[in-house]
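Raw contents of work.txt, compact mmCIF, C-alpha atoms:
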# COMPACT_ATOMS: atom_id res chain seq x y z
CA MET A 28 0.00 0.00 0.00
CA LYS A 29 1.36 3.41 -0.92
CA PRO A 30 1.33 6.08 1.78
CA SER A 31 -1.58 8.49 1.40
CA CYS A 32 0.74 11.46 1.19
CA GLN A 33 4.39 11.98 0.41
CA LEU A 34 6.95 14.63 1.21
CA GLN A 35 7.53 16.63 -1.92
CA SER A 36 10.91 16.61 -3.64
CA PRO A 37 13.71 17.24 -3.37
CA ILE A 38 14.72 14.90 -0.54
CA ARG A 39 18.24 13.52 -0.56
CA LEU A 40 19.25 10.81 1.89
CA ALA A 41 22.88 10.41 2.87
CA ARG A 42 24.45 7.00 3.43
CA VAL A 43 23.75 5.54 6.87
CA VAL A 44 26.89 4.52 8.76
CA ARG A 45 26.46 2.91 12.19
CA PRO A 46 27.28 3.32 15.07
CA ALA A 47 28.90 6.71 14.51
CA CYS A 48 26.24 7.65 12.02
CA LEU A 49 24.53 10.99 11.86
CA VAL A 50 22.03 10.65 9.07
CA GLN A 51 21.23 13.99 7.53
CA VAL A 52 18.25 14.94 5.44
CA VAL A 53 18.56 17.88 3.10
CA SER A 54 15.11 19.11 2.24
CA ARG A 55 13.11 22.07 1.19
CA LYS A 56 11.19 23.93 3.88
CA VAL A 57 8.60 21.57 5.37
CA SER A 58 5.81 22.86 7.58
CA PHE A 59 4.93 21.07 10.82
CA SER A 60 1.31 20.58 9.76
CA ALA A 61 2.40 19.04 6.46
CA ALA A 62 4.76 16.68 8.26
CA ILE A 63 1.98 15.54 10.60
CA ARG A 64 -0.34 14.87 7.66
CA CYS A 65 2.28 12.57 6.18
CA ILE A 66 2.39 10.30 9.24
CA ARG A 67 0.28 7.16 8.94
CA LEU A 68 1.37 4.88 11.77
CA GLU A 69 -0.59 1.94 10.44
CA SER A 70 0.93 2.10 6.97
CA ILE A 71 4.51 3.37 7.13
CA PRO A 72 6.48 0.90 5.03
CA GLY A 73 10.21 0.69 4.45
CA ILE A 74 11.89 3.86 3.36
CA PHE A 75 8.88 6.10 4.01
CA GLY A 76 8.98 5.20 7.69
CA LEU A 77 12.68 5.93 7.73
CA ILE A 78 12.11 9.31 6.09
CA VAL A 79 9.67 10.22 8.87
CA PHE A 80 12.35 9.46 11.44
CA LEU A 81 14.97 11.34 9.50
CA LEU A 82 12.86 14.47 9.82
CA GLY A 83 14.47 14.64 13.25
CA THR A 84 17.86 15.31 11.66
CA LEU A 85 16.84 18.02 9.23
CA THR A 86 19.81 20.31 8.66
CA ALA A 87 19.37 23.20 11.10
CA TYR A 88 16.01 24.34 12.41
CA ALA A 89 16.45 27.65 10.61
CA GLN A 90 15.96 25.79 7.33
CA THR A 91 12.58 24.38 8.39
CA SER A 92 9.45 25.78 9.98
CA MET A 93 9.57 23.14 12.73
CA SER A 94 10.81 23.91 16.22
CA GLU A 95 12.85 21.63 18.47
CA TYR A 96 9.76 20.38 20.31
CA GLN A 97 7.72 19.91 17.16
CA LEU A 98 10.44 17.54 15.95
CA LYS A 99 10.57 15.80 19.32
CA ALA A 100 6.80 15.37 19.14
CA LEU A 101 7.18 13.62 15.77
CA PHE A 102 9.78 11.28 17.24
CA LEU A 103 7.70 10.42 20.31
CA CYS A 104 4.69 9.64 18.14
CA ASN A 105 6.74 7.32 15.95
CA PHE A 106 8.51 5.51 18.79
CA ALA A 107 5.20 3.69 19.27
CA LYS A 108 5.66 2.18 15.80
CA TYR A 109 9.28 1.13 16.17
CA VAL A 110 9.25 -0.36 19.68
CA ASP A 111 7.55 -3.58 20.81
CA TRP A 112 6.43 -4.02 24.41
CA PRO A 113 5.88 -7.31 26.26
CA VAL A 114 2.27 -8.50 26.29
CA GLU A 115 1.80 -7.76 29.99
CA ALA A 116 2.69 -4.11 29.45
CA LEU A 117 -0.19 -3.54 27.03
CA SER A 118 -3.00 -5.65 28.43
CA GLY A 119 -6.22 -5.58 26.45
CA ALA A 120 -6.29 -5.41 22.68
CA THR A 121 -7.86 -1.94 22.61
CA LYS A 122 -6.18 -0.37 25.63
CA PRO A 123 -4.80 3.07 24.65
CA LEU A 124 -1.06 3.54 24.36
CA VAL A 125 -0.14 6.28 26.82
CA ILE A 126 2.65 8.79 26.30
CA GLY A 127 3.40 10.22 29.73
CA ILE A 128 4.99 13.63 30.20
CA MET A 129 6.75 14.16 33.51
CA GLY A 130 7.70 17.71 34.42
CA GLU A 131 7.20 20.86 32.36
CA ASP A 132 5.31 20.39 29.10
CA ASN A 133 7.29 22.35 26.51
CA PHE A 134 5.37 20.96 23.54
CA ASN A 135 2.75 23.74 23.62
CA GLY A 136 0.13 21.43 22.16
CA ASP A 137 2.36 20.12 19.36
CA LEU A 138 2.41 16.57 20.75
CA LYS A 139 -1.38 16.57 21.06
CA ARG A 140 -1.72 17.72 17.46
CA THR A 141 0.77 15.09 16.29
CA ILE A 142 -1.05 12.13 17.85
CA GLU A 143 -4.56 13.35 17.05
CA GLY A 144 -6.42 10.69 15.11
CA LYS A 145 -3.43 8.33 15.11
CA THR A 146 -3.48 4.70 16.23
CA VAL A 147 -0.84 2.00 16.41
CA ASN A 148 -1.88 -1.64 16.10
CA GLY A 149 -5.45 -0.55 16.67
CA ARG A 150 -4.64 1.36 19.87
CA GLU A 151 -5.46 5.01 20.35
CA ILE A 152 -2.51 7.14 21.47
CA ILE A 153 -3.18 9.45 24.41
CA ILE A 154 -1.15 11.89 26.51
CA LYS A 155 -1.00 11.82 30.30
CA HIS A 156 0.75 14.38 32.49
CA ILE A 157 2.60 12.76 35.37
CA ALA A 158 3.54 14.64 38.53
CA ALA A 159 7.20 14.40 39.51
CA GLY A 160 7.76 11.20 41.46
CA ALA A 161 4.26 9.86 40.74
CA ASP A 162 3.55 6.34 39.51
CA ALA A 163 4.13 6.09 35.74
CA SER A 164 3.70 2.33 35.39
CA ASP A 165 0.73 2.73 33.03
CA CYS A 166 2.80 4.77 30.54
CA PRO A 167 4.54 2.59 27.91
CA ILE A 168 6.35 5.77 26.82
CA LEU A 169 7.50 8.28 29.44
CA PHE A 170 9.05 11.58 28.37
CA ILE A 171 10.98 13.18 31.22
CA SER A 172 11.32 16.92 30.72
CA SER A 173 14.56 18.77 31.28
CA SER A 174 12.88 20.41 34.28
CA GLU A 175 13.38 17.09 36.09
CA ASN A 176 17.08 16.68 35.28
CA SER A 177 18.14 17.35 38.87
CA ARG A 178 16.19 14.29 40.06
CA LEU A 179 16.71 11.97 37.11
CA SER A 180 18.43 9.27 39.13
CA GLU A 181 15.50 9.05 41.55
CA ILE A 182 12.92 8.93 38.75
CA LEU A 183 14.79 6.40 36.62
CA GLU A 184 15.44 4.14 39.58
CA LYS A 185 11.66 3.66 39.86
CA THR A 186 11.36 2.72 36.17
CA SER A 187 14.52 0.60 35.95
CA THR A 188 12.69 -2.74 36.11
CA LEU A 189 9.51 -1.74 34.28
CA PRO A 190 8.76 -2.10 30.53
CA ILE A 191 8.67 1.66 30.05
CA LEU A 192 10.41 3.42 27.18
CA THR A 193 11.94 6.34 29.07
CA VAL A 194 12.85 9.32 26.90
CA GLY A 195 14.80 12.34 28.09
CA GLU A 196 16.88 15.34 27.13
CA ASP A 197 19.87 15.38 29.47
CA ALA A 198 23.51 14.63 28.64
CA SER A 199 23.68 11.99 31.39
CA PHE A 200 20.29 10.42 30.68
CA LEU A 201 21.61 7.06 29.46
CA GLN A 202 24.19 6.83 32.23
CA LYS A 203 21.48 7.39 34.84
CA GLY A 204 19.27 4.63 33.46
CA GLY A 205 17.26 6.17 30.61
CA ILE A 206 16.62 4.36 27.32
CA ILE A 207 16.38 7.07 24.62
CA ASN A 208 17.90 10.53 24.87
CA PHE A 209 17.43 13.56 22.64
CA THR A 210 20.55 15.64 22.10
CA LEU A 211 20.88 18.89 20.20
CA LYS A 212 24.17 19.37 18.39
CA GLU A 213 24.96 21.82 15.62
CA GLY A 214 21.28 22.59 15.19
CA LYS A 215 20.27 18.95 14.77
CA ILE A 216 18.23 16.55 16.90
CA ARG A 217 20.15 13.32 17.49
CA LEU A 218 19.18 10.15 19.29
CA GLU A 219 21.14 8.17 21.85
CA ILE A 220 19.81 4.73 22.72
CA ASN A 221 20.60 2.45 25.66
CA LEU A 222 19.88 -0.85 23.92
CA LYS A 223 21.18 -2.96 26.79
CA LEU A 224 18.68 -1.46 29.23
CA ALA A 225 15.84 -1.70 26.72
CA GLN A 226 16.50 -5.42 26.37
CA LYS A 227 16.70 -5.79 30.15
CA VAL A 228 13.12 -4.50 30.55
CA LYS A 229 11.96 -6.59 27.54
CA LEU A 230 11.54 -3.78 25.01
CA GLN A 231 12.41 -4.62 21.41
CA ILE A 232 13.68 -1.65 19.42
CA SER A 233 13.50 -1.89 15.64
CA SER A 234 16.74 -1.85 13.68
CA LYS A 235 15.30 1.06 11.67
CA LEU A 236 15.35 3.18 14.80
CA LEU A 237 18.76 1.94 15.89
CA ASN A 238 20.19 2.79 12.48
CA VAL A 239 19.29 6.48 12.79
CA ALA A 240 20.73 6.83 16.31
CA ALA A 241 23.98 8.71 16.84
CA VAL A 242 24.89 6.49 19.79
CA VAL A 243 23.75 2.96 20.59
CA LYS A 244 24.90 1.71 23.98
CA GLU A 245 25.01 -2.08 23.81

File written out as structure tokens:
Amino acid sequence: MKPSCQLQSPIRLARVVRPACLVQVVSRKVSFSAAIRCIRLESIPGIFGLIVFLLGTLTAYAQTSMSEYQLKALFLCNFAKYVDWPVEALSGATKPLVIGIMGEDNFNGDLKRTIEGKTVNGREIIIKHIAAGADASDCPILFISSSENSRLSEILEKTSTLPILTVGEDASFLQKGGIINFTLKEGKIRLEINLKLAQKVKLQISSKLLNVAAVVKE
């Protein structure tokens, strides 16, 4: 099945080299709303799915109309497609997949707009705001805002044995027990992934996602 919409040319993909890879996409100006319309979680095949992820490495934000948190919203939405959770973590065939936000919400509604109307494997995607230190066990994906960086160790200790995809934005996130970290270098969003920890809590991360990460800790 062909995707219902496509990013317009020109799009040039550079060669992917892992693990030191930094895949860059050189593109014309792409609006956030147009990017959202191109996401179809139920029907992202092959290279189209990869292109969606590579939006996160667009060369410099100044060359696009998307902000840092608009790009992060796109990533968070697509993590649901490229990560598999153990059965016990997603009980019930129609139970919504929850993206938890702990700490300050800097998305300004962009994450809500990104997930609106989207499903993954028949599950609705919803957002839940989690108070600092509160139970997040019902959130398959937990984004920990930079406002919580001073207490990361405490937060991540509570999730260390749970099948939760923890996502953060701190230089020491992986070292403190997080699974995916957003970094911003030279105007580009890059991913760091703690594959060893993901496997420990029984999360299976797709090779497509691993291949676009700047760092994979195995």

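When only C-alpha atoms are used to compute distances to A:Glu131, the closest of the residues A:Lys244, A:Lys145, A:Lys235, A:His156 turns out to be A:His156.
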
For this session: For each of A:Glu196, A:Glu95, A:Glu151, A:Glu184, take the minimum atom-to-atom distance to A:Ile171, counting only C-alpha atoms, then give the residue where this is smallest.
Result: A:Glu196

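Between atom CA of A:Ile232 and atom CA of A:Pro123 the separation is 19.8 Å.
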
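Of the listed residues (A:Lys212, A:Lys122, A:Lys203, A:Arg140), A:Arg140 comes nearest to A:Cys104; the distances count all atoms listed in the file.
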
For this session: Quick one: pull the distance between atom CA of A:Ser177 and atom CA of A:Gly130, Å, one decimal.
Result: 11.4 Å

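Taking atom CA of A:Tyr96 as the reference point, atom CA of A:Lys223 is found at 26.8 Å.
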
Exercise. Which protein, DNA or RNA residues have an atom at most 12 Å from (18.8, -4.0, 12.6), counting all atoms listed in the file? List them as number ranges by chain.
Worked result: A: 45-46, 109, 222, 231-240, 243

Exercise. Which of these, A:Val147, A:Leu211, A:Ile216, A:Leu201, has the shortest distance to A:Phe102 once you count all atoms listed in the file?
Worked result: A:Ile216

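Comparing A:Ile153, A:Ala198, A:Val228, A:Leu103 by their smallest distance to A:Asn176, the closest is A:Ala198 (using all atoms listed in the file).
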
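Nearest residue to A:Asn148, choosing from A:Ser173, A:Ser164, A:Thr193, A:Thr121 and counting all atoms listed in the file: A:Thr121.
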
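Using all atoms listed in the file, the residues found no farther than 8 Å from A:Gly195, other than those of its own chain fewer than 2 positions away, are Phe170, Ile171, Ser172, Ser173, Thr193, Asp197, Phe200, Gly205, Ile207, Asn208 and Phe209 of chain A.
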
Box centre and edge lengths (Å, one decimal), axis-aligned, stretch 108-118 of chain A plus 4 Å each side, as lines of an AutoDock Vina configuration file:
center_x = 3.1
center_y = -3.2
center_z = 22.9
size_x = 20.3
size_y = 18.7
size_z = 22.2

For this session: Dig up all the protein and nucleic acid residues within 12 Å of (-3.9, 12.1, 19.4) in the file frame, using only C-alpha atoms, and format them as a list in words.
Result: Ile63, Leu68, Ala100, Leu101, Leu103, Cys104, Pro123, Leu124, Val125, Ile126, Gly136, Asp137, Leu138, Lys139, Arg140, Thr141, Ile142, Glu143, Gly144, Lys145, Thr146, Val147, Arg150, Glu151, Ile152, Ile153, Ile154 and Lys155 of chain A

Selection file, C-alpha atoms, as a short mmCIF file (atom, residue, chain, number, x, y, z; two decimals), in the frame of the given file:
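After the write, part-v1.cif holds the following:
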data_model
loop_
_atom_site.label_atom_id
_atom_site.label_comp_id
_atom_site.auth_asym_id
_atom_site.auth_seq_id
_atom_site.Cartn_x
_atom_site.Cartn_y
_atom_site.Cartn_z
CA ILE A 63 1.98 15.54 10.60
CA LEU A 68 1.37 4.88 11.77
CA ALA A 100 6.80 15.37 19.14
CA LEU A 101 7.18 13.62 15.77
CA LEU A 103 7.70 10.42 20.31
CA CYS A 104 4.69 9.64 18.14
CA PRO A 123 -4.80 3.07 24.65
CA LEU A 124 -1.06 3.54 24.36
CA VAL A 125 -0.14 6.28 26.82
CA ILE A 126 2.65 8.79 26.30
CA GLY A 136 0.13 21.43 22.16
CA ASP A 137 2.36 20.12 19.36
CA LEU A 138 2.41 16.57 20.75
CA LYS A 139 -1.38 16.57 21.06
CA ARG A 140 -1.72 17.72 17.46
CA THR A 141 0.77 15.09 16.29
CA ILE A 142 -1.05 12.13 17.85
CA GLU A 143 -4.56 13.35 17.05
CA GLY A 144 -6.42 10.69 15.11
CA LYS A 145 -3.43 8.33 15.11
CA THR A 146 -3.48 4.70 16.23
CA VAL A 147 -0.84 2.00 16.41
CA ARG A 150 -4.64 1.36 19.87
CA GLU A 151 -5.46 5.01 20.35
CA ILE A 152 -2.51 7.14 21.47
CA ILE A 153 -3.18 9.45 24.41
CA ILE A 154 -1.15 11.89 26.51
CA LYS A 155 -1.00 11.82 30.30
#
